[in-house]
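A.B. asks: Structure in structure tokens, see below.
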Amino acid sequence: MDRIASVSLTVALAVVCSGMGAAAQTNAAVASPAVVEYSRDPSMVLVHFRERLVALEDEDPGPSLTVYGDGRVAVHYPRYMKRAGEYTLQLDPEELGGLMRSLASRRLIEFDEPAVRQRKAEAARSRAQLFEVFDATTTEIELNLERYQPAAGARVLHNVHKRLSWHGLRADAKRYPELTELGDLAAAHRELRALLERPDLVRGP
């Protein structure tokens, strides 16, 4: 009986370990990071970000930044803002890679703007509007990638150009937490906004 019990236990452990191994492989596949490749050309725009202050009718509607392939960041503040002028910042290769991977992880490439707007409209109709969060800015983000694969086994995209524009993003992300795409877009906004506010910005072109 002891031998039978021992064999049964051994088989059971083997089955459990096999199942755990398969689960680990499955989880690893699900959690596999996106493949993100981009140009290192100093003249290539990888990211462009702007906060458009729609309340102002001005040809220079808000602060912006542009990230180039060599890690150079060009920052612009309009003349009517406290930090008015042109600034630069240099990201090292590790910082640049981290930024690009982080933005890709926010699923910006997959963001389906018409579908999200439709779901937002449906969510708005299904609830009473008790308050209005005022946000008069329009967030604009552009991404350029040479190669993008969201996960292992997914279709590989080449020469990707994505442009996103959303008015009142911060308010909508707060009001509709079930729209996770807006939460991801708002997180990307915060990350790029942090670059605009870096203390090591250097004045000049």
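Naming scheme: A, B, ... for chains in displayed order of the structure tokens; residues 1 onward per chain; ligands 1 onward as shown.
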May I have all residues of region 34-141 of chain A that DSSP, computed from the backbone, assigns to helix (DSSP H, G or I), given as a list of chain:residue names?

C.D. replies: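 So, restricting region 34-141 of chain A to helix (DSSP H, G or I), we get A:Pro93, A:Glu94, A:Glu95, A:Leu96, A:Gly97, A:Gly98, A:Leu99, A:Met100, A:Arg101, A:Ser102, A:Leu103, A:Ala104, A:Ser105, A:Glu113, A:Pro114, A:Ala115, A:Val116, A:Arg117, A:Gln118, A:Arg119, A:Lys120, A:Ala121, A:Glu122, A:Ala123, A:Ala124, A:Arg125.
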
A.B. asks: Write out as a list in words each polymer residue whose atoms come within 12 Å of Arg119 (chain A), counting only C-alpha atoms; drop sequence neighbours fewer than 3 positions from it.

C.D. replies: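 Answer for this query is Asp112, Glu113, Pro114, Ala115, Val116, Glu122, Ala123, Ala124, Arg125, Ser126, Asp172, Tyr176, Pro177, Glu178, Leu179, Thr180, Glu181 and Leu182 of chain A.
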
A.B. asks: What would the file look like if the residues just selected were written as a PDB file, in the first residue's frame with N, CA and C atoms?

C.D. replies:
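As a result, part07.pdb now contains:
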ATOM      1  N   ASP A 112      -8.256  52.818 -30.766  1.00  0.00           N
ATOM      2  CA  ASP A 112      -9.264  52.988 -31.822  1.00  0.00           C
ATOM      3  C   ASP A 112     -10.142  54.174 -31.429  1.00  0.00           C
ATOM      4  N   GLU A 113      -9.795  55.345 -31.932  1.00  0.00           N
ATOM      5  CA  GLU A 113     -10.460  56.567 -31.486  1.00  0.00           C
ATOM      6  C   GLU A 113     -11.970  56.568 -31.734  1.00  0.00           C
ATOM      7  N   PRO A 114     -12.461  56.224 -32.936  1.00  0.00           N
ATOM      8  CA  PRO A 114     -13.921  56.216 -33.138  1.00  0.00           C
ATOM      9  C   PRO A 114     -14.639  55.250 -32.196  1.00  0.00           C
ATOM     10  N   ALA A 115     -14.049  54.068 -31.967  1.00  0.00           N
ATOM     11  CA  ALA A 115     -14.690  53.083 -31.093  1.00  0.00           C
ATOM     12  C   ALA A 115     -14.740  53.578 -29.648  1.00  0.00           C
ATOM     13  N   VAL A 116     -13.660  54.213 -29.192  1.00  0.00           N
ATOM     14  CA  VAL A 116     -13.637  54.717 -27.816  1.00  0.00           C
ATOM     15  C   VAL A 116     -14.634  55.861 -27.658  1.00  0.00           C
ATOM     16  N   GLU A 122     -21.992  56.096 -25.182  1.00  0.00           N
ATOM     17  CA  GLU A 122     -22.914  55.127 -24.580  1.00  0.00           C
ATOM     18  C   GLU A 122     -22.851  55.194 -23.054  1.00  0.00           C
ATOM     19  N   ALA A 123     -21.636  55.339 -22.517  1.00  0.00           N
ATOM     20  CA  ALA A 123     -21.481  55.435 -21.062  1.00  0.00           C
ATOM     21  C   ALA A 123     -22.128  56.709 -20.534  1.00  0.00           C
ATOM     22  N   ALA A 124     -22.005  57.802 -21.295  1.00  0.00           N
ATOM     23  CA  ALA A 124     -22.593  59.073 -20.863  1.00  0.00           C
ATOM     24  C   ALA A 124     -24.112  58.992 -20.830  1.00  0.00           C
ATOM     25  N   ARG A 125     -24.692  58.276 -21.801  1.00  0.00           N
ATOM     26  CA  ARG A 125     -26.154  58.150 -21.838  1.00  0.00           C
ATOM     27  C   ARG A 125     -26.687  57.269 -20.715  1.00  0.00           C
ATOM     28  N   SER A 126     -25.847  56.372 -20.220  1.00  0.00           N
ATOM     29  CA  SER A 126     -26.316  55.399 -19.230  1.00  0.00           C
ATOM     30  C   SER A 126     -26.237  55.901 -17.799  1.00  0.00           C
ATOM     31  N   ASP A 172     -12.127  63.143 -18.905  1.00  0.00           N
ATOM     32  CA  ASP A 172     -12.788  61.924 -19.380  1.00  0.00           C
ATOM     33  C   ASP A 172     -12.195  60.673 -18.738  1.00  0.00           C
ATOM     34  N   TYR A 176     -14.693  58.305 -16.709  1.00  0.00           N
ATOM     35  CA  TYR A 176     -15.022  57.000 -17.293  1.00  0.00           C
ATOM     36  C   TYR A 176     -13.879  56.009 -17.053  1.00  0.00           C
ATOM     37  N   PRO A 177     -13.667  55.599 -15.813  1.00  0.00           N
ATOM     38  CA  PRO A 177     -12.555  54.682 -15.520  1.00  0.00           C
ATOM     39  C   PRO A 177     -12.690  53.333 -16.209  1.00  0.00           C
ATOM     40  N   GLU A 178     -13.919  52.972 -16.611  1.00  0.00           N
ATOM     41  CA  GLU A 178     -14.109  51.703 -17.303  1.00  0.00           C
ATOM     42  C   GLU A 178     -13.522  51.725 -18.719  1.00  0.00           C
ATOM     43  N   LEU A 179     -13.292  52.917 -19.254  1.00  0.00           N
ATOM     44  CA  LEU A 179     -12.658  53.036 -20.569  1.00  0.00           C
ATOM     45  C   LEU A 179     -11.146  53.045 -20.353  1.00  0.00           C
ATOM     46  N   THR A 180     -10.578  51.856 -20.269  1.00  0.00           N
ATOM     47  CA  THR A 180      -9.159  51.735 -19.916  1.00  0.00           C
ATOM     48  C   THR A 180      -8.250  52.374 -20.959  1.00  0.00           C
ATOM     49  N   GLU A 181      -8.728  52.465 -22.199  1.00  0.00           N
ATOM     50  CA  GLU A 181      -7.917  53.116 -23.234  1.00  0.00           C
ATOM     51  C   GLU A 181      -7.658  54.582 -22.885  1.00  0.00           C
ATOM     52  N   LEU A 182      -8.672  55.238 -22.308  1.00  0.00           N
ATOM     53  CA  LEU A 182      -8.491  56.633 -21.906  1.00  0.00           C
ATOM     54  C   LEU A 182      -7.518  56.738 -20.737  1.00  0.00           C
TER      55      LEU A 182
END

A.B. asks: Suppose you want the space between CA of Arg83 (chain A) and CA of Gly168 (chain A); what is it in Å?

C.D. replies: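 Result for CA of Arg83 (chain A) versus CA of Gly168 (chain A): 23.2 Å, one decimal.
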
A.B. asks: Could you give me, as a ChimeraX atom specification, the residues within 6 Å of Leu143 (chain A), counting only C-alpha atoms and dropping anything in the same chain fewer than 3 positions from it?

C.D. replies: /A:46-47,161-162

A.B. asks: So that I can check the surroundings of Asn159 (chain A), please list as a list in words every protein, DNA and RNA residue that reaches within 7 Å of it, counting only C-alpha atoms and ignoring chain neighbours fewer than 6 positions away.

C.D. replies: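 Counting only C-alpha atoms, the residues come to Leu145, Glu146 and Arg147 of chain A.
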
A.B. asks: Given the choices A:Pro93, A:Pro63, A:Pro42, A:Gly183, which gets closest to Leu195 (chain A) if the distance is worked out from only C-alpha atoms?

C.D. replies: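 The answer is A:Pro63, which sits nearest to Leu195 (chain A).
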
A.B. asks: Using only C-alpha atoms, determine which residues lie at most 10 Å from Arg170 (chain A), disregarding the query and same-chain residues fewer than 4 positions distant; provide the list as a ChimeraX atom specification.

C.D. replies: /A:133-139,166,174-175,182-183,185-187,189-190

A.B. asks: For the selection just defined, write its residues with all heavy atoms to a file, as a compact mmCIF listing (two decimals), in the first residue's frame.

C.D. replies:
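Final output, saved to out_17.txt:
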# COMPACT_ATOMS: atom_id res chain seq x y z
N VAL A 133 -16.37 68.13 -14.98
CA VAL A 133 -14.98 68.47 -14.71
C VAL A 133 -14.47 69.27 -15.90
O VAL A 133 -14.47 68.79 -17.03
CB VAL A 133 -14.12 67.20 -14.52
CG1 VAL A 133 -12.67 67.58 -14.26
CG2 VAL A 133 -14.67 66.37 -13.36
N PHE A 134 -14.05 70.50 -15.64
CA PHE A 134 -13.65 71.38 -16.73
C PHE A 134 -12.22 71.07 -17.16
O PHE A 134 -11.31 71.06 -16.35
CB PHE A 134 -13.77 72.84 -16.31
CG PHE A 134 -13.43 73.80 -17.41
CD1 PHE A 134 -14.28 73.96 -18.49
CD2 PHE A 134 -12.25 74.53 -17.37
CE1 PHE A 134 -13.97 74.85 -19.51
CE2 PHE A 134 -11.93 75.42 -18.38
CZ PHE A 134 -12.79 75.58 -19.45
N ASP A 135 -12.03 70.81 -18.44
CA ASP A 135 -10.71 70.56 -19.00
C ASP A 135 -10.73 71.10 -20.42
O ASP A 135 -11.28 70.48 -21.32
CB ASP A 135 -10.39 69.07 -18.98
CG ASP A 135 -8.99 68.77 -19.53
OD1 ASP A 135 -8.28 69.73 -19.90
OD2 ASP A 135 -8.61 67.59 -19.60
N ALA A 136 -10.16 72.28 -20.60
CA ALA A 136 -10.27 72.97 -21.89
C ALA A 136 -9.08 72.69 -22.80
O ALA A 136 -8.81 73.45 -23.71
CB ALA A 136 -10.39 74.47 -21.66
N THR A 137 -8.36 71.60 -22.56
CA THR A 137 -7.20 71.30 -23.39
C THR A 137 -7.47 70.10 -24.30
O THR A 137 -8.25 69.22 -23.97
CB THR A 137 -5.95 71.00 -22.54
OG1 THR A 137 -6.19 69.81 -21.77
CG2 THR A 137 -5.65 72.14 -21.60
N THR A 138 -6.81 70.12 -25.44
CA THR A 138 -6.83 68.99 -26.35
C THR A 138 -5.43 68.38 -26.37
O THR A 138 -4.45 69.09 -26.63
CB THR A 138 -7.24 69.40 -27.77
OG1 THR A 138 -8.57 69.91 -27.74
CG2 THR A 138 -7.17 68.22 -28.73
N THR A 139 -5.34 67.11 -26.08
CA THR A 139 -4.06 66.40 -26.08
C THR A 139 -3.81 65.81 -27.46
O THR A 139 -4.67 65.11 -28.00
CB THR A 139 -4.07 65.27 -25.03
OG1 THR A 139 -4.24 65.84 -23.73
CG2 THR A 139 -2.77 64.48 -25.07
N TRP A 166 -7.39 64.09 -28.39
CA TRP A 166 -8.55 63.92 -27.50
C TRP A 166 -8.75 65.18 -26.68
O TRP A 166 -7.85 65.62 -25.96
CB TRP A 166 -8.34 62.73 -26.58
CG TRP A 166 -9.63 62.26 -25.97
CD1 TRP A 166 -10.25 62.78 -24.87
CD2 TRP A 166 -10.46 61.21 -26.45
NE1 TRP A 166 -11.42 62.11 -24.63
CE2 TRP A 166 -11.58 61.14 -25.59
CE3 TRP A 166 -10.38 60.32 -27.52
CZ2 TRP A 166 -12.60 60.21 -25.77
CZ3 TRP A 166 -11.39 59.40 -27.71
CH2 TRP A 166 -12.49 59.35 -26.84
N LYS A 174 -10.94 60.44 -15.84
CA LYS A 174 -11.41 60.38 -14.46
C LYS A 174 -12.88 60.00 -14.39
O LYS A 174 -13.30 59.23 -13.52
CB LYS A 174 -11.19 61.74 -13.79
CG LYS A 174 -11.59 61.79 -12.33
CD LYS A 174 -11.30 63.17 -11.73
CE LYS A 174 -9.81 63.44 -11.67
NZ LYS A 174 -9.51 64.71 -10.96
N ARG A 175 -13.66 60.48 -15.32
CA ARG A 175 -15.11 60.25 -15.27
C ARG A 175 -15.49 58.86 -15.78
O ARG A 175 -16.49 58.29 -15.36
CB ARG A 175 -15.83 61.31 -16.11
CG ARG A 175 -17.34 61.20 -15.99
CD ARG A 175 -18.04 62.41 -16.53
NE ARG A 175 -19.48 62.27 -16.31
CZ ARG A 175 -20.39 62.41 -17.26
NH1 ARG A 175 -20.03 62.72 -18.48
NH2 ARG A 175 -21.67 62.27 -16.98
N LEU A 182 -8.67 55.24 -22.31
CA LEU A 182 -8.49 56.63 -21.91
C LEU A 182 -7.52 56.74 -20.74
O LEU A 182 -6.73 57.68 -20.66
CB LEU A 182 -9.84 57.26 -21.54
CG LEU A 182 -10.80 57.54 -22.69
CD1 LEU A 182 -12.07 58.19 -22.18
CD2 LEU A 182 -10.15 58.41 -23.76
N GLY A 183 -7.57 55.76 -19.83
CA GLY A 183 -6.62 55.75 -18.72
C GLY A 183 -5.19 55.60 -19.23
O GLY A 183 -4.27 56.27 -18.73
N LEU A 185 -4.12 56.45 -22.26
CA LEU A 185 -3.77 57.68 -22.98
C LEU A 185 -3.43 58.79 -22.00
O LEU A 185 -2.48 59.56 -22.21
CB LEU A 185 -4.92 58.10 -23.89
CG LEU A 185 -4.67 59.27 -24.84
CD1 LEU A 185 -3.48 59.00 -25.75
CD2 LEU A 185 -5.92 59.57 -25.67
N ALA A 186 -4.18 58.87 -20.90
CA ALA A 186 -3.90 59.87 -19.87
C ALA A 186 -2.54 59.61 -19.21
O ALA A 186 -1.81 60.56 -18.87
CB ALA A 186 -5.00 59.88 -18.82
N ALA A 187 -2.18 58.34 -19.03
CA ALA A 187 -0.87 58.01 -18.45
C ALA A 187 0.25 58.44 -19.39
O ALA A 187 1.29 58.95 -18.96
CB ALA A 187 -0.79 56.51 -18.17
N HIS A 189 0.02 60.88 -21.52
CA HIS A 189 0.01 62.34 -21.40
C HIS A 189 0.84 62.79 -20.21
O HIS A 189 1.66 63.71 -20.32
CB HIS A 189 -1.44 62.83 -21.27
CG HIS A 189 -1.57 64.30 -20.98
ND1 HIS A 189 -1.44 64.82 -19.71
CD2 HIS A 189 -1.80 65.35 -21.79
CE1 HIS A 189 -1.59 66.12 -19.75
NE2 HIS A 189 -1.82 66.47 -21.00
N ARG A 190 0.66 62.14 -19.06
CA ARG A 190 1.41 62.52 -17.86
C ARG A 190 2.91 62.31 -18.06
O ARG A 190 3.73 63.12 -17.61
CB ARG A 190 0.91 61.73 -16.65
CG ARG A 190 -0.47 62.13 -16.17
CD ARG A 190 -0.78 61.53 -14.82
NE ARG A 190 -0.82 60.07 -14.86
CZ ARG A 190 -1.90 59.36 -15.13
NH1 ARG A 190 -3.05 59.97 -15.42
NH2 ARG A 190 -1.87 58.04 -15.12

A.B. asks: Record the distance separating CA of Lys120 (chain A) and CA of Leu108 (chain A), expressed in Å with one decimal.

C.D. replies: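 If I compute the distance from CA of Lys120 (chain A) to CA of Leu108 (chain A), I get 17.2 Å.
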
A.B. asks: When you look at Tyr68 (chain A) with a cut-off of 12 Å (counting only C-alpha atoms), what residues show up, excluding the ones that are within fewer than 3 positions of it in the same chain? I need them as an NGL selection string.

C.D. replies: :A and (38-48 or 65 or 71-75 or 88-93 or 96-97 or 99-100 or 143-145)

A.B. asks: For each of A:Asp70, A:Glu51, A:Asp60, A:Glu37, take the minimum atom-to-atom distance to Ser165 (chain A), counting only C-alpha atoms, then give the residue where this is smallest.

C.D. replies: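 For Ser165 (chain A), the nearest of the candidates is A:Glu51.
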
A.B. asks: Please measure the separation of CA of Ser105 (chain A) and CA of Arg50 (chain A), giving the value in Å to one decimal.

C.D. replies: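 Those two atoms sit 20.1 Å apart.
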
A.B. asks: Measuring atom to atom with only C-alpha atoms, identify which of A:Leu53, A:Val160, A:Ala151, A:Leu201 is nearest to Tyr80 (chain A).

C.D. replies: A:Leu53

A.B. asks: Could you check which of A:Glu110, A:Thr66, A:Ser102, A:His167 is closest to Tyr87 (chain A), using only C-alpha atoms?

C.D. replies: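 Between A:Glu110, A:Thr66, A:Ser102, A:His167, the residue approaching Tyr87 (chain A) most closely is A:Thr66.
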
A.B. asks: Using only C-alpha atoms, can you tell me which of A:Arg193, A:His158, A:Arg101, A:Arg127 comes closest to Val36 (chain A)?

C.D. replies: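 Result for the nearest residue to Val36 (chain A): A:Arg101.
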